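One structure is given below, encoded as structure tokens.
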Amino acid sequence: MDGPPTARDGGGRTSGTQAGRAALGALVHRLLQTVERLLFGAHARSLRLQARLSGLPIPITELGITRGSRLTHGKGQGTFSRWAAIEGELPPPPGFAVDIGSHTGFFSLRLAERGYLVLGCEPSRRLFRIATAAADSAGQPSVAFMPVGVNPANVGSLPDADVVLVLSVFHDWCEAFGFERSVRMLEAVWQRTRKALFFETPNTAENTSIRTFMPAMGASPEAAKGYIEQLLSRLALGEVALLGHFPTDFRGEGERRHLFVVRRRASAGVGD
């Protein structure tokens, strides 16, 4: 006559049930991952199409867009030229970089490729999504984007960084907040810059649309260069150098913009 079930028998039934549940859970997990990949792939293709249809002025190589819109002057070549100038002046990585007004992430992603940990700040949700898709497509783990614009209320909360990019965003500050408040914002950004700040802005000699909210910079590009150099000289303990006069890629009338670097003097620390 058979006796009562042993502990071994009960344990076998319990183990079998647990193994079945684990196998089912693993199957469901793989199924959900497959669905997620399909949905994300469709999302990425949608963003790539949005980027192409938007006629964006700069390349997004990670999404297969190797040049800017054919409708804009420069077709993206000015962007590559500016990056070449910036790359040659970067402090040796590793380090932390902040890209203010990161647009679709071109410069942020290049900095990450060079070995920097990068935060890109972009107020446009559409451009933020495209930049994030580009980083995901590249599998770049060293860059993140934040859909937030820098303004007088939050500029003091920016983190300290070895490298900061303020490319073609200062005039937007001037339009939104006024010139003097924008200068104070730039000074606040500089206070958080450990090594190098890269700066570019339109000038009133080559871009008539900004004359209503920015001071006159002279009648020639050379005069405008001198004006911007003087502006950047207000950044305490910084050494200003011109890197070039490049096509902007953002306008179709052949506008060029001066690109500068401000290096912090070796004896000066952040906040000095």
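Identifiers in the structure tokens: chain A, B, ... in order shown; residue index from 1 per chain; ligand index from 1 in order shown.
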Which neighbours of stretch 156-172 of chain A fall inside 6 Å, counting only C-alpha atoms, when residues of the same chain fewer than 6 positions from it are skipped, and could you give them as a PDB file with C-alpha atoms, in the first residue's frame?
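Okay, result.pdb is ready:
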ATOM      1  CA  GLY A  95      35.476  65.577 -19.381  1.00  0.00           C
ATOM      2  CA  PHE A  96      31.934  66.893 -19.116  1.00  0.00           C
ATOM      3  CA  ALA A  97      30.381  69.125 -21.787  1.00  0.00           C
ATOM      4  CA  VAL A  98      27.138  71.107 -21.999  1.00  0.00           C
ATOM      5  CA  ASP A  99      25.675  72.037 -25.381  1.00  0.00           C
ATOM      6  CA  ILE A 100      23.201  74.927 -24.936  1.00  0.00           C
ATOM      7  CA  ARG A 192      30.330  77.352 -14.688  1.00  0.00           C
ATOM      8  CA  THR A 193      32.852  76.732 -17.475  1.00  0.00           C
ATOM      9  CA  ARG A 194      36.069  75.095 -16.277  1.00  0.00           C
ATOM     10  CA  LYS A 195      38.160  75.192 -19.464  1.00  0.00           C
ATOM     11  CA  ALA A 196      36.615  76.416 -22.734  1.00  0.00           C
ATOM     12  CA  LEU A 197      33.455  78.113 -23.970  1.00  0.00           C
ATOM     13  CA  PHE A 198      32.680  78.100 -27.701  1.00  0.00           C
ATOM     14  CA  PHE A 199      30.509  81.003 -28.848  1.00  0.00           C
ATOM     15  CA  GLU A 200      28.801  81.996 -32.076  1.00  0.00           C
ATOM     16  CA  THR A 201      26.063  84.522 -32.824  1.00  0.00           C
TER      17      THR A 201
END
Spatial neighbours of A:Leu127, 8 Å, only C-alpha atoms, chain gap at least 5 places, as a PyMOL selection string: chain A and resi 103-104+122
Proximity to A:Thr132 - best of A:Leu27, A:Val150, A:Ile60, A:Val261, only C-alpha atoms: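 Checking each of A:Leu27, A:Val150, A:Ile60, A:Val261 against A:Thr132, counting only C-alpha atoms, the winner is A:Ile60.
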Name the residues of stretch 26-258 of chain A that fall into alpha helix (DSSP H) according to DSSP on the backbone, using the chain letters and numbers of this document, as an MDAnalysis selection string. chainID A and resid 26:53 77:87 106:113 125:138 170:177 179:191 221:232
Just to be explicit: take each residue in the selection above, keep C-alpha atoms, and write the result as a tab-separated table (two decimals), in the first residue's frame.
chain	number	residue	atom	x	y	z
A	26	ALA	CA	10.49	34.42	-20.30
A	27	LEU	CA	8.35	33.82	-23.42
A	28	VAL	CA	6.12	36.80	-22.60
A	29	HIS	CA	9.18	38.95	-21.92
A	30	ARG	CA	10.73	38.06	-25.31
A	31	LEU	CA	7.41	38.77	-27.02
A	32	LEU	CA	7.16	42.20	-25.36
A	33	GLN	CA	10.76	42.97	-26.33
A	34	THR	CA	9.98	42.08	-29.96
A	35	VAL	CA	6.92	44.33	-29.95
A	36	GLU	CA	8.97	47.11	-28.37
A	37	ARG	CA	11.68	46.82	-31.05
A	38	LEU	CA	9.06	46.95	-33.80
A	39	LEU	CA	7.35	49.97	-32.28
A	40	PHE	CA	10.64	51.77	-31.64
A	41	GLY	CA	11.81	51.02	-35.18
A	42	ALA	CA	8.63	52.56	-36.57
A	43	HIS	CA	9.08	55.55	-34.25
A	44	ALA	CA	12.69	56.03	-35.37
A	45	ARG	CA	11.71	55.81	-39.04
A	46	SER	CA	9.00	58.40	-38.39
A	47	LEU	CA	11.52	60.77	-36.80
A	48	ARG	CA	13.96	60.23	-39.68
A	49	LEU	CA	11.19	61.11	-42.12
A	50	GLN	CA	10.26	64.17	-40.03
A	51	ALA	CA	13.87	65.31	-40.10
A	52	ARG	CA	14.07	64.94	-43.88
A	53	LEU	CA	10.75	66.69	-44.51
A	77	GLN	CA	29.04	72.06	-44.98
A	78	GLY	CA	29.40	75.03	-42.64
A	79	THR	CA	28.48	72.75	-39.76
A	80	PHE	CA	31.31	70.35	-40.59
A	81	SER	CA	33.71	73.30	-40.91
A	82	ARG	CA	32.72	74.68	-37.51
A	83	TRP	CA	33.13	71.27	-35.90
A	84	ALA	CA	36.61	70.90	-37.39
A	85	ALA	CA	37.55	74.26	-35.84
A	86	ILE	CA	36.05	73.33	-32.47
A	87	GLU	CA	37.59	69.86	-32.42
A	106	PHE	CA	25.20	67.25	-34.18
A	107	PHE	CA	27.80	68.86	-31.90
A	108	SER	CA	26.71	66.94	-28.80
A	109	LEU	CA	27.19	63.63	-30.59
A	110	ARG	CA	30.57	64.68	-31.96
A	111	LEU	CA	31.71	65.61	-28.45
A	112	ALA	CA	30.54	62.22	-27.15
A	113	GLU	CA	32.52	60.51	-29.91
A	125	ARG	CA	10.49	69.16	-28.22
A	126	ARG	CA	10.59	68.18	-31.90
A	127	LEU	CA	14.34	68.74	-32.19
A	128	PHE	CA	14.87	67.04	-28.82
A	129	ARG	CA	13.09	63.91	-30.10
A	130	ILE	CA	15.15	63.87	-33.29
A	131	ALA	CA	18.41	64.30	-31.34
A	132	THR	CA	17.46	61.50	-28.96
A	133	ALA	CA	16.63	59.22	-31.90
A	134	ALA	CA	20.02	60.01	-33.43
A	135	ALA	CA	21.79	59.08	-30.18
A	136	ASP	CA	19.74	55.87	-29.90
A	137	SER	CA	20.48	54.97	-33.51
A	138	ALA	CA	24.20	55.42	-32.88
A	170	PHE	CA	22.67	84.18	-27.83
A	171	HIS	CA	20.54	86.16	-30.30
A	172	ASP	CA	17.50	84.07	-29.28
A	173	TRP	CA	18.18	85.06	-25.68
A	174	CYS	CA	18.40	88.72	-26.73
A	175	GLU	CA	15.06	88.54	-28.53
A	176	ALA	CA	13.36	86.84	-25.57
A	177	PHE	CA	15.03	88.54	-22.58
A	179	PHE	CA	20.50	92.26	-24.50
A	180	GLU	CA	21.75	93.12	-21.00
A	181	ARG	CA	19.95	90.19	-19.36
A	182	SER	CA	21.40	87.92	-22.05
A	183	VAL	CA	24.91	89.18	-21.31
A	184	ARG	CA	24.35	88.36	-17.64
A	185	MET	CA	23.19	84.88	-18.67
A	186	LEU	CA	26.37	84.43	-20.69
A	187	GLU	CA	28.44	85.53	-17.70
A	188	ALA	CA	26.59	82.98	-15.53
A	189	VAL	CA	27.35	80.24	-18.06
A	190	TRP	CA	31.00	81.27	-18.10
A	191	GLN	CA	31.18	81.05	-14.31
A	221	PRO	CA	31.91	91.78	-40.85
A	222	GLU	CA	35.30	92.97	-39.57
A	223	ALA	CA	33.64	95.60	-37.39
A	224	ALA	CA	31.16	93.01	-36.13
A	225	LYS	CA	34.03	90.68	-35.24
A	226	GLY	CA	35.57	93.42	-33.11
A	227	TYR	CA	32.25	94.07	-31.39
A	228	ILE	CA	31.76	90.40	-30.47
A	229	GLU	CA	35.37	90.14	-29.26
A	230	GLN	CA	34.73	93.10	-26.98
A	231	LEU	CA	31.53	91.47	-25.71
A	232	LEU	CA	33.35	88.24	-24.87
Secondary structure check, strand (DSSP E) residues of stretch 33-256 of chain A, as a PyMOL selection string: chain A and resi 95-100+116-121+143-146+161-167+193-201+238-247+256
So how far away is atom CA of A:Ala216 from atom CA of A:Leu259, in Å?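 The value is 18.4 Å.
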With a distance cut-off of 6 Å and only C-alpha atoms, select the neighbouring residues of A:Pro123, excluding the residue or stretch itself and same-chain residues fewer than 5 positions from it, and output the selection as a list in words. Pro147, Val148 and Gly149 of chain A
Selected residues, C-alpha atoms, written as a PDB file, in the first residue's frame, please.
ATOM      1  CA  PRO A 147      14.037  69.368 -23.565  1.00  0.00           C
ATOM      2  CA  VAL A 148      14.579  72.567 -21.595  1.00  0.00           C
ATOM      3  CA  GLY A 149      15.628  76.029 -22.703  1.00  0.00           C
TER       4      GLY A 149
END
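Reported to one decimal place, the separation of atom CA of A:Leu237 from atom CA of A:Ser220 is 28.5 Å.
Here atom CA of A:Ala241 is placed at a distance of 18.1 Å from atom CA of A:Met217.
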